[in-house]
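Text of upload.cif, listed as mmCIF, C-alpha atoms, pLDDT in the B column; chains and numbers go by the auth columns:
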data_run
loop_
_atom_site.group_PDB
_atom_site.id
_atom_site.type_symbol
_atom_site.label_atom_id
_atom_site.label_comp_id
_atom_site.label_asym_id
_atom_site.label_seq_id
_atom_site.Cartn_x
_atom_site.Cartn_y
_atom_site.Cartn_z
_atom_site.B_iso_or_equiv
_atom_site.auth_seq_id
_atom_site.auth_asym_id
ATOM 1 C CA MET A 1 -34.682 20.678 41.714 54.00 55 A
ATOM 2 C CA ASP A 2 -31.402 18.899 41.043 59.00 56 A
ATOM 3 C CA THR A 3 -33.135 15.537 41.374 67.00 57 A
ATOM 4 C CA MET A 4 -35.749 16.528 38.807 67.00 58 A
ATOM 5 C CA ASN A 5 -33.038 17.760 36.414 68.00 59 A
ATOM 6 C CA ASN A 6 -31.129 14.492 36.799 74.00 60 A
ATOM 7 C CA ARG A 7 -34.253 12.476 36.094 77.00 61 A
ATOM 8 C CA TYR A 8 -35.026 14.611 33.057 75.00 62 A
ATOM 9 C CA HIS A 9 -31.495 14.218 31.681 74.00 63 A
ATOM 10 C CA LYS A 10 -31.523 10.466 32.279 77.00 64 A
ATOM 11 C CA THR A 11 -34.918 10.180 30.597 83.00 65 A
ATOM 12 C CA VAL A 12 -33.671 12.068 27.535 81.00 66 A
ATOM 13 C CA VAL A 13 -30.471 9.996 27.318 82.00 67 A
ATOM 14 C CA TYR A 14 -32.236 6.665 27.824 82.00 68 A
ATOM 15 C CA GLY A 15 -34.893 7.687 25.314 86.00 69 A
ATOM 16 C CA ILE A 16 -32.282 8.514 22.652 87.00 70 A
ATOM 17 C CA VAL A 17 -30.417 5.270 23.334 82.00 71 A
ATOM 18 C CA GLY A 18 -33.679 3.328 23.143 84.00 72 A
ATOM 19 C CA VAL A 19 -34.565 4.867 19.773 85.00 73 A
ATOM 20 C CA MET A 20 -31.084 4.014 18.465 83.00 74 A
ATOM 21 C CA LEU A 21 -31.381 0.420 19.674 82.00 75 A
ATOM 22 C CA VAL A 22 -34.717 -0.235 17.956 84.00 76 A
ATOM 23 C CA PRO A 23 -33.325 -0.833 14.404 82.00 77 A
ATOM 24 C CA ILE A 24 -30.466 -2.904 15.832 82.00 78 A
ATOM 25 C CA LEU A 25 -32.844 -5.116 17.796 84.00 79 A
ATOM 26 C CA ALA A 26 -35.170 -5.421 14.796 80.00 80 A
ATOM 27 C CA THR A 27 -32.248 -6.496 12.593 81.00 81 A
ATOM 28 C CA LEU A 28 -31.135 -8.986 15.250 82.00 82 A
ATOM 29 C CA ILE A 29 -34.598 -10.524 15.526 81.00 83 A
ATOM 30 C CA TYR A 30 -34.936 -10.643 11.741 80.00 84 A
ATOM 31 C CA SER A 31 -31.602 -12.445 11.443 80.00 85 A
ATOM 32 C CA PHE A 32 -32.903 -15.200 13.754 80.00 86 A
ATOM 33 C CA SER A 33 -36.368 -15.443 12.213 80.00 87 A
ATOM 34 C CA SER A 34 -37.273 -18.253 9.849 73.00 88 A
ATOM 35 C CA ARG A 35 -40.089 -16.194 8.358 73.00 89 A
ATOM 36 C CA TRP A 36 -41.449 -12.762 9.182 72.00 90 A
ATOM 37 C CA GLY A 37 -44.291 -11.500 7.087 68.00 91 A
ATOM 38 C CA ALA A 38 -47.302 -9.406 8.046 66.00 92 A
ATOM 39 C CA THR A 39 -47.303 -10.446 11.713 67.00 93 A
ATOM 40 C CA VAL A 40 -45.875 -8.407 14.578 64.00 94 A
ATOM 41 C CA LEU A 41 -43.555 -11.194 15.636 69.00 95 A
ATOM 42 C CA PRO A 42 -41.709 -13.771 13.477 71.00 96 A
ATOM 43 C CA ASP A 43 -43.350 -17.094 12.725 71.00 97 A
ATOM 44 C CA GLY A 44 -40.327 -18.923 14.091 74.00 98 A
ATOM 45 C CA PHE A 45 -36.665 -18.675 14.986 77.00 99 A
ATOM 46 C CA THR A 46 -33.664 -20.432 13.505 79.00 100 A
ATOM 47 C CA LEU A 47 -29.866 -20.368 13.408 81.00 101 A
ATOM 48 C CA ASP A 48 -29.747 -21.461 9.774 83.00 102 A
ATOM 49 C CA TRP A 49 -28.804 -18.003 8.471 82.00 103 A
ATOM 50 C CA TYR A 50 -25.804 -17.760 10.771 86.00 104 A
ATOM 51 C CA LEU A 51 -24.772 -21.322 9.966 88.00 105 A
ATOM 52 C CA LYS A 52 -25.038 -20.545 6.266 86.00 106 A
ATOM 53 C CA LEU A 53 -22.922 -17.435 6.783 84.00 107 A
ATOM 54 C CA VAL A 54 -20.075 -19.035 8.740 84.00 108 A
ATOM 55 C CA THR A 55 -19.928 -21.967 6.311 87.00 109 A
ATOM 56 C CA ASP A 56 -19.844 -19.751 3.223 86.00 110 A
ATOM 57 C CA PRO A 57 -16.293 -19.936 1.779 90.00 111 A
ATOM 58 C CA ARG A 58 -16.763 -16.615 0.035 88.00 112 A
ATOM 59 C CA PHE A 59 -17.550 -14.891 3.351 88.00 113 A
ATOM 60 C CA LEU A 60 -14.591 -16.504 5.099 89.00 114 A
ATOM 61 C CA GLU A 61 -12.246 -15.468 2.282 91.00 115 A
ATOM 62 C CA ALA A 62 -13.574 -11.897 2.289 89.00 116 A
ATOM 63 C CA PHE A 63 -13.228 -11.690 6.050 89.00 117 A
ATOM 64 C CA GLY A 64 -9.700 -13.061 5.861 91.00 118 A
ATOM 65 C CA ARG A 65 -8.745 -10.514 3.196 91.00 119 A
ATOM 66 C CA SER A 66 -10.088 -7.667 5.317 90.00 120 A
ATOM 67 C CA LEU A 67 -8.154 -8.921 8.339 90.00 121 A
ATOM 68 C CA PHE A 68 -4.960 -9.165 6.299 93.00 122 A
ATOM 69 C CA ILE A 69 -5.269 -5.646 4.881 92.00 123 A
ATOM 70 C CA CYS A 70 -6.151 -4.063 8.225 90.00 124 A
ATOM 71 C CA ILE A 71 -3.410 -5.863 10.156 91.00 125 A
ATOM 72 C CA ALA A 72 -0.806 -5.078 7.486 93.00 126 A
ATOM 73 C CA ALA A 73 -1.802 -1.389 7.394 92.00 127 A
ATOM 74 C CA LEU A 74 -1.721 -1.095 11.183 92.00 128 A
ATOM 75 C CA THR A 75 1.632 -2.889 11.382 92.00 129 A
ATOM 76 C CA LEU A 76 3.023 -0.404 8.878 92.00 130 A
ATOM 77 C CA SER A 77 1.509 2.417 10.927 90.00 131 A
ATOM 78 C CA VAL A 78 3.145 1.256 14.156 91.00 132 A
ATOM 79 C CA VAL A 79 6.535 0.746 12.519 91.00 133 A
ATOM 80 C CA LEU A 80 6.520 4.242 10.996 90.00 134 A
ATOM 81 C CA ILE A 81 4.438 6.361 13.361 90.00 135 A
ATOM 82 C CA LEU A 82 5.709 5.207 16.753 90.00 136 A
ATOM 83 C CA PRO A 83 9.393 6.087 16.140 90.00 137 A
ATOM 84 C CA ALA A 84 8.315 9.327 14.447 90.00 138 A
ATOM 85 C CA ILE A 85 6.304 10.398 17.504 91.00 139 A
ATOM 86 C CA PHE A 86 9.236 9.554 19.763 91.00 140 A
ATOM 87 C CA VAL A 87 11.578 11.694 17.662 90.00 141 A
ATOM 88 C CA VAL A 88 9.116 14.589 17.647 90.00 142 A
ATOM 89 C CA PHE A 89 8.485 14.559 21.396 89.00 143 A
ATOM 90 C CA TYR A 90 12.056 13.866 22.463 88.00 144 A
ATOM 91 C CA TYR A 91 14.158 15.795 19.957 89.00 145 A
ATOM 92 C CA PHE A 92 11.825 18.299 18.257 88.00 146 A
ATOM 93 C CA PRO A 93 8.827 19.037 20.536 86.00 147 A
ATOM 94 C CA SER A 94 8.122 22.258 18.661 86.00 148 A
ATOM 95 C CA LEU A 95 7.091 20.186 15.619 86.00 149 A
ATOM 96 C CA ASP A 96 4.101 18.687 17.426 83.00 150 A
ATOM 97 C CA LYS A 97 1.805 21.520 16.321 85.00 151 A
ATOM 98 C CA LEU A 98 2.903 21.040 12.713 87.00 152 A
ATOM 99 C CA MET A 99 2.321 17.286 12.938 86.00 153 A
ATOM 100 C CA ASN A 100 -1.171 17.887 14.327 83.00 154 A
ATOM 101 C CA MET A 101 -1.943 19.867 11.195 84.00 155 A
ATOM 102 C CA LEU A 102 -0.352 17.380 8.792 84.00 156 A
ATOM 103 C CA ILE A 103 -2.227 14.368 10.157 83.00 157 A
ATOM 104 C CA LEU A 104 -5.519 16.069 9.313 81.00 158 A
ATOM 105 C CA LEU A 105 -4.706 16.199 5.599 80.00 159 A
ATOM 106 C CA PRO A 106 -6.307 12.782 4.864 79.00 160 A
ATOM 107 C CA PHE A 107 -9.635 14.294 5.986 78.00 161 A
ATOM 108 C CA ALA A 108 -9.220 17.315 3.712 79.00 162 A
ATOM 109 C CA VAL A 109 -9.717 15.264 0.530 80.00 163 A
ATOM 110 C CA PRO A 110 -12.889 13.147 0.162 81.00 164 A
ATOM 111 C CA PRO A 111 -12.246 9.401 -0.323 81.00 165 A
ATOM 112 C CA VAL A 112 -13.907 9.417 -3.744 82.00 166 A
ATOM 113 C CA VAL A 113 -11.558 12.136 -4.973 83.00 167 A
ATOM 114 C CA SER A 114 -8.534 10.372 -3.491 84.00 168 A
ATOM 115 C CA SER A 115 -9.561 7.082 -5.092 84.00 169 A
ATOM 116 C CA VAL A 116 -9.920 8.657 -8.538 82.00 170 A
ATOM 117 C CA GLY A 117 -6.530 10.336 -8.140 82.00 171 A
ATOM 118 C CA LEU A 118 -4.900 7.046 -7.181 82.00 172 A
ATOM 119 C CA LEU A 119 -6.524 5.338 -10.160 82.00 173 A
ATOM 120 C CA GLN A 120 -5.116 7.932 -12.542 80.00 174 A
ATOM 121 C CA LEU A 121 -1.723 7.812 -10.866 79.00 175 A
ATOM 122 C CA TYR A 122 -1.226 4.043 -10.878 79.00 176 A
ATOM 123 C CA ALA A 123 -3.368 2.927 -13.815 74.00 177 A
ATOM 124 C CA ASP A 124 -0.464 3.149 -16.282 74.00 178 A
ATOM 125 C CA SER A 125 2.258 2.364 -13.769 72.00 179 A
ATOM 126 C CA GLU A 126 4.734 -0.430 -14.481 74.00 180 A
ATOM 127 C CA ILE A 127 3.997 -1.754 -10.992 74.00 181 A
ATOM 128 C CA ALA A 128 0.543 -3.329 -10.980 76.00 182 A
ATOM 129 C CA LEU A 129 -1.148 -1.966 -7.874 80.00 183 A
ATOM 130 C CA ILE A 130 -4.737 -1.362 -8.945 83.00 184 A
ATOM 131 C CA GLY A 131 -6.867 -4.342 -7.968 82.00 185 A
ATOM 132 C CA THR A 132 -4.301 -5.646 -5.477 85.00 186 A
ATOM 133 C CA PRO A 133 -4.291 -5.499 -1.664 88.00 187 A
ATOM 134 C CA TRP A 134 -1.055 -3.484 -1.654 89.00 188 A
ATOM 135 C CA ILE A 135 -2.709 -0.263 -2.759 88.00 189 A
ATOM 136 C CA LEU A 136 -5.347 -0.719 -0.051 89.00 190 A
ATOM 137 C CA ILE A 137 -2.659 -1.207 2.588 90.00 191 A
ATOM 138 C CA GLY A 138 -1.104 2.116 1.593 88.00 192 A
ATOM 139 C CA THR A 139 -4.412 3.980 1.579 90.00 193 A
ATOM 140 C CA TYR A 140 -5.525 2.422 4.848 91.00 194 A
ATOM 141 C CA PHE A 141 -2.259 3.590 6.382 90.00 195 A
ATOM 142 C CA THR A 142 -3.167 7.183 5.568 88.00 196 A
ATOM 143 C CA ILE A 143 -6.661 6.671 7.018 87.00 197 A
ATOM 144 C CA ALA A 144 -5.300 5.255 10.277 88.00 198 A
ATOM 145 C CA LEU A 145 -2.598 7.927 10.590 87.00 199 A
ATOM 146 C CA PRO A 146 -4.683 10.587 12.414 86.00 200 A
ATOM 147 C CA PHE A 147 -6.159 8.088 14.892 85.00 201 A
ATOM 148 C CA MET A 148 -2.825 6.435 15.595 87.00 202 A
ATOM 149 C CA TYR A 149 -0.846 9.643 15.963 88.00 203 A
ATOM 150 C CA ARG A 150 -3.283 11.440 18.253 86.00 204 A
ATOM 151 C CA ALA A 151 -3.847 8.507 20.619 85.00 205 A
ATOM 152 C CA ILE A 152 -0.145 7.674 20.922 88.00 206 A
ATOM 153 C CA ALA A 153 0.803 11.343 21.224 88.00 207 A
ATOM 154 C CA ASN A 154 -1.563 11.694 24.182 87.00 208 A
ATOM 155 C CA SER A 155 0.237 8.809 25.880 87.00 209 A
ATOM 156 C CA PHE A 156 3.621 10.434 25.253 89.00 210 A
ATOM 157 C CA GLU A 157 2.363 13.670 26.798 86.00 211 A
ATOM 158 C CA ALA A 158 1.299 11.819 29.937 85.00 212 A
ATOM 159 C CA ILE A 159 4.531 9.934 30.727 85.00 213 A
ATOM 160 C CA HIS A 160 7.065 12.810 31.120 85.00 214 A
ATOM 161 C CA LEU A 161 9.266 11.460 28.357 87.00 215 A
ATOM 162 C CA HIS A 162 12.385 13.528 29.065 87.00 216 A
ATOM 163 C CA ASP A 163 12.441 12.522 32.735 88.00 217 A
ATOM 164 C CA LEU A 164 12.178 8.836 31.839 88.00 218 A
ATOM 165 C CA MET A 165 14.901 9.098 29.203 89.00 219 A
ATOM 166 C CA ASP A 166 17.239 11.020 31.519 88.00 220 A
ATOM 167 C CA ALA A 167 16.774 8.432 34.250 88.00 221 A
ATOM 168 C CA ALA A 168 17.448 5.616 31.788 88.00 222 A
ATOM 169 C CA HIS A 169 20.598 7.309 30.513 88.00 223 A
ATOM 170 C CA LEU A 170 21.869 7.802 34.081 88.00 224 A
ATOM 171 C CA LEU A 171 21.452 4.058 34.642 85.00 225 A
ATOM 172 C CA GLY A 172 23.537 3.297 31.545 86.00 226 A
ATOM 173 C CA ALA A 173 20.818 2.513 29.010 85.00 227 A
ATOM 174 C CA SER A 174 21.177 3.684 25.436 88.00 228 A
ATOM 175 C CA THR A 175 18.451 5.679 23.725 87.00 229 A
ATOM 176 C CA ARG A 176 17.305 2.600 21.788 89.00 230 A
ATOM 177 C CA GLN A 177 17.187 0.472 24.953 89.00 231 A
ATOM 178 C CA ALA A 178 15.298 3.169 26.835 89.00 232 A
ATOM 179 C CA PHE A 179 12.784 3.455 24.009 89.00 233 A
ATOM 180 C CA LEU A 180 12.176 -0.288 23.791 88.00 234 A
ATOM 181 C CA LEU A 181 12.274 -1.207 27.486 89.00 235 A
ATOM 182 C CA ILE A 182 10.891 1.890 29.200 88.00 236 A
ATOM 183 C CA VAL A 183 8.957 4.115 26.793 89.00 237 A
ATOM 184 C CA LEU A 184 7.027 1.402 24.949 89.00 238 A
ATOM 185 C CA PRO A 185 5.594 -0.251 28.108 88.00 239 A
ATOM 186 C CA ASN A 186 4.430 3.173 29.320 88.00 240 A
ATOM 187 C CA VAL A 187 2.565 3.987 26.102 88.00 241 A
ATOM 188 C CA LYS A 188 1.180 0.472 25.624 85.00 242 A
ATOM 189 C CA LYS A 189 -2.373 1.395 26.650 83.00 243 A
ATOM 190 C CA GLY A 190 -2.576 4.277 24.207 83.00 244 A
ATOM 191 C CA LEU A 191 -1.031 2.152 21.480 87.00 245 A
ATOM 192 C CA MET A 192 -3.471 -0.719 21.975 85.00 246 A
ATOM 193 C CA ALA A 193 -6.461 1.632 22.146 82.00 247 A
ATOM 194 C CA SER A 194 -5.417 3.302 18.894 85.00 248 A
ATOM 195 C CA LEU A 195 -4.929 -0.080 17.224 87.00 249 A
ATOM 196 C CA PHE A 196 -8.369 -1.400 18.153 83.00 250 A
ATOM 197 C CA LEU A 197 -10.071 1.874 17.259 82.00 251 A
ATOM 198 C CA SER A 198 -8.283 2.132 13.915 87.00 252 A
ATOM 199 C CA PHE A 199 -8.931 -1.537 13.155 86.00 253 A
ATOM 200 C CA SER A 200 -12.678 -1.180 13.720 82.00 254 A
ATOM 201 C CA PHE A 201 -12.723 1.902 11.479 84.00 255 A
ATOM 202 C CA LEU A 202 -10.668 0.327 8.690 88.00 256 A
ATOM 203 C CA LEU A 203 -12.712 -2.848 8.701 85.00 257 A
ATOM 204 C CA GLY A 204 -15.777 -0.811 7.730 82.00 258 A
ATOM 205 C CA GLU A 205 -14.087 1.190 4.957 85.00 259 A
ATOM 206 C CA PHE A 206 -15.910 0.802 1.643 85.00 260 A
ATOM 207 C CA VAL A 207 -15.104 3.619 -0.798 86.00 261 A
ATOM 208 C CA PHE A 208 -11.396 2.898 -1.341 87.00 262 A
ATOM 209 C CA ALA A 209 -11.979 -0.861 -1.437 88.00 263 A
ATOM 210 C CA ASN A 210 -14.815 -0.572 -3.958 87.00 264 A
ATOM 211 C CA ILE A 211 -13.068 1.819 -6.349 87.00 265 A
ATOM 212 C CA LEU A 212 -9.471 0.590 -6.120 87.00 266 A
ATOM 213 C CA VAL A 213 -9.963 -3.200 -6.015 87.00 267 A
ATOM 214 C CA GLY A 214 -13.675 -4.021 -6.260 81.00 268 A
ATOM 215 C CA THR A 215 -14.451 -7.696 -6.791 82.00 269 A
ATOM 216 C CA ARG A 216 -10.871 -8.418 -7.882 86.00 270 A
ATOM 217 C CA TYR A 217 -9.964 -8.572 -4.201 87.00 271 A
ATOM 218 C CA GLU A 218 -13.281 -8.868 -2.398 87.00 272 A
ATOM 219 C CA THR A 219 -13.138 -7.545 1.152 88.00 273 A
ATOM 220 C CA LEU A 220 -15.814 -7.837 3.822 86.00 274 A
ATOM 221 C CA GLN A 221 -17.548 -4.595 2.883 86.00 275 A
ATOM 222 C CA ILE A 222 -17.513 -5.475 -0.825 88.00 276 A
ATOM 223 C CA TYR A 223 -18.967 -8.880 0.042 87.00 277 A
ATOM 224 C CA LEU A 224 -21.718 -7.212 2.062 83.00 278 A
ATOM 225 C CA TYR A 225 -22.470 -4.879 -0.844 84.00 279 A
ATOM 226 C CA ASN A 226 -22.567 -7.735 -3.363 84.00 280 A
ATOM 227 C CA MET A 227 -24.864 -9.842 -1.174 80.00 281 A
ATOM 228 C CA ARG A 228 -27.460 -7.097 -0.683 75.00 282 A
ATOM 229 C CA GLN A 229 -29.797 -8.706 -3.246 74.00 283 A
ATOM 230 C CA THR A 230 -29.873 -12.085 -1.475 75.00 284 A
ATOM 231 C CA SER A 231 -32.172 -13.103 1.365 74.00 285 A
ATOM 232 C CA GLY A 232 -32.855 -10.341 3.855 76.00 286 A
ATOM 233 C CA HIS A 233 -32.419 -12.829 6.700 79.00 287 A
ATOM 234 C CA PHE A 234 -28.961 -13.771 5.472 82.00 288 A
ATOM 235 C CA THR A 235 -27.993 -10.122 5.014 84.00 289 A
ATOM 236 C CA SER A 236 -29.243 -9.312 8.515 84.00 290 A
ATOM 237 C CA ALA A 237 -27.139 -12.130 9.945 85.00 291 A
ATOM 238 C CA LEU A 238 -24.128 -10.746 8.100 85.00 292 A
ATOM 239 C CA VAL A 239 -24.777 -7.213 9.350 84.00 293 A
ATOM 240 C CA MET A 240 -25.210 -8.355 12.953 86.00 294 A
ATOM 241 C CA THR A 241 -22.059 -10.446 12.824 86.00 295 A
ATOM 242 C CA TYR A 242 -20.153 -7.438 11.559 83.00 296 A
ATOM 243 C CA PHE A 243 -21.794 -5.152 14.129 84.00 297 A
ATOM 244 C CA LEU A 244 -20.963 -7.446 17.059 85.00 298 A
ATOM 245 C CA PHE A 245 -17.362 -7.780 15.899 83.00 299 A
ATOM 246 C CA ILE A 246 -16.981 -3.987 15.656 82.00 300 A
ATOM 247 C CA PHE A 247 -18.697 -3.573 19.026 82.00 301 A
ATOM 248 C CA LEU A 248 -16.204 -5.975 20.587 83.00 302 A
ATOM 249 C CA LEU A 249 -13.266 -4.065 19.113 78.00 303 A
ATOM 250 C CA THR A 250 -14.684 -0.736 20.314 77.00 304 A
ATOM 251 C CA TRP A 251 -15.185 -2.161 23.802 80.00 305 A
ATOM 252 C CA LEU A 252 -11.613 -3.406 23.874 76.00 306 A
ATOM 253 C CA ALA A 253 -10.388 0.008 22.735 71.00 307 A
ATOM 254 C CA SER A 254 -12.311 1.695 25.560 72.00 308 A
ATOM 255 C CA ARG A 255 -10.879 -0.776 28.061 72.00 309 A
ATOM 256 C CA PHE A 256 -7.307 -0.119 26.970 66.00 310 A
ATOM 257 C CA SER A 257 -7.865 3.643 26.825 62.00 311 A
ATOM 258 C CA ARG A 258 -8.743 3.860 30.513 62.00 312 A
ATOM 259 C CA GLY A 259 -6.072 5.755 32.306 50.00 313 A
ATOM 260 C CA VAL A 260 -4.738 7.260 29.068 48.00 314 A
ATOM 261 C CA LYS A 261 -4.768 11.035 29.003 45.00 315 A
#
Give the structure from the file, written as structure tokens.
Amino acid sequence: MDTMNNRYHKTVVYGIVGVMLVPILATLIYSFSSRWGATVLPDGFTLDWYLKLVTDPRFLEAFGRSLFICIAALTLSVVLILPAIFVVFYYFPSLDKLMNMLILLPFAVPPVVSSVGLLQLYADSEIALIGTPWILIGTYFTIALPFMYRAIANSFEAIHLHDLMDAAHLLGASTRQAFLLIVLPNVKKGLMASLFLSFSFLLGEFVFANILVGTRYETLQIYLYNMRQTSGHFTSALVMTYFLFIFLLTWLASRFSRGVK
């Protein structure tokens, strides 16, 4: 009976995965096809669409802009969130429940509403932020906050922070030295997993980028949106390149998250 149940469950899971893989495989084949009309299979295969993509200066610039914004936002997140989590868990552990509620606030307001609010707030500001990467860095920081905090907080819960700090203090280390030399290496897996996961999520963000900067600072998602009217083969190559890059980041995040509570 158990064997039949296991086979049934595996069949259901593999069937769902197979259905989900069909559009991905179709897009992959279409991106390599030279022409695909009324026939079941393409008339031929080529790498021209991928070569055209990687040699397109506009694509490379958009990809570089997205990398810059995501890396800057995540660097800001690490600099601000990591010390804050340490203070909460070491000095004020009772505030953890409050922090868990506060980090969910970015999900309480839809991105469209937040974008319109930011436009109204900074449109007449003396500091020109609308249409610049700096406003995206700030908004991406708020998006990454819940993912970063929860993943790193789980690592802090798993390392017995007070015991490590007490041992470090007994050996003559200051609080700063203990944090840098002992705590950080112990939460490295959770930190790296949160970084890769947040990076893959931020790289696909479209609403804030489209409303706040648009074509004035074209990111990867804006480029993909603007190129939707071009050749379907070229667009498929772009989508698959993006998909494989995100898949790689997600795989790296899962690798680093092993062993993290």
Exercise. The PyMOL selection byres ((chain A and resi 200) around 12) on the file shown: which residues, as a PyMOL selection string?
Worked result: chain A and resi 131+135+153-162+194-199+201-207+248-249+251-252+255
Problem set entry | Long-range neighbours of region 141-151 of chain A as a PyMOL selection string, 7 Å cut-off, only C-alpha atoms, 4 positions minimum in chain | chain A and resi 137+155+215-216
Selection export as a CSV table (one decimal), in the frame of the given file, atoms kept: C-alpha atoms:
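Output contents, as saved in part.csv:
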chain,number,residue,atom,x,y,z
A,137,PRO,CA,9.4,6.1,16.1
A,155,MET,CA,-1.9,19.9,11.2
A,215,LEU,CA,9.3,11.5,28.4
A,216,HIS,CA,12.4,13.5,29.1
For this session: Would you list the contacts of region 280-288 of chain A as a PyMOL selection string, taking every protein, DNA or RNA residue within 8 Å and counting all atoms listed in the file, but skipping same-chain residues closer than 4 positions in sequence?
Result: chain A and resi 84-88+103-104+106-107+276+292
Exercise. For the file shown, what are the residues hit by the PyMOL selection byres ((chain A and resi 218-225) around 12), laid out as a list in words?
Worked result: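 Applied to this file, the PyMOL selection byres ((chain A and resi 218-225) around 12) returns Phe140, Phe143, Tyr144, Tyr145, Phe210, Ala212, Ile213, His214, Leu215, His216, Asp217, Gly226, Ala227, Ser228, Thr229, Arg230, Gln231, Ala232, Phe233, Leu234, Leu235, Ile236, Val237, Leu238, Pro239 and Asn240 of chain A.
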For this session: Quick one: apply the PyMOL selection byres ((chain A and resi 123) around 9) to the file and drop the selected residues here as a ChimeraX atom specification.
Result: /A:118-122,124-128,187-188,190-191,194,256-257,273
Exercise. CA of Ala80 (chain A) to CA of Ala263 (chain A): how many Å, to one decimal?
Worked result: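 Here the two named atoms are 28.7 Å from each other.
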Problem set entry | Length of the CA of Asn60 (chain A) to CA of Val73 (chain A) vector [Å] | 19.9 Å
Problem set entry | Interatomic distance (Å, one decimal) between CA of Tyr279 (chain A) and CA of Gly185 (chain A) |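 Those two atoms sit 17.2 Å apart.
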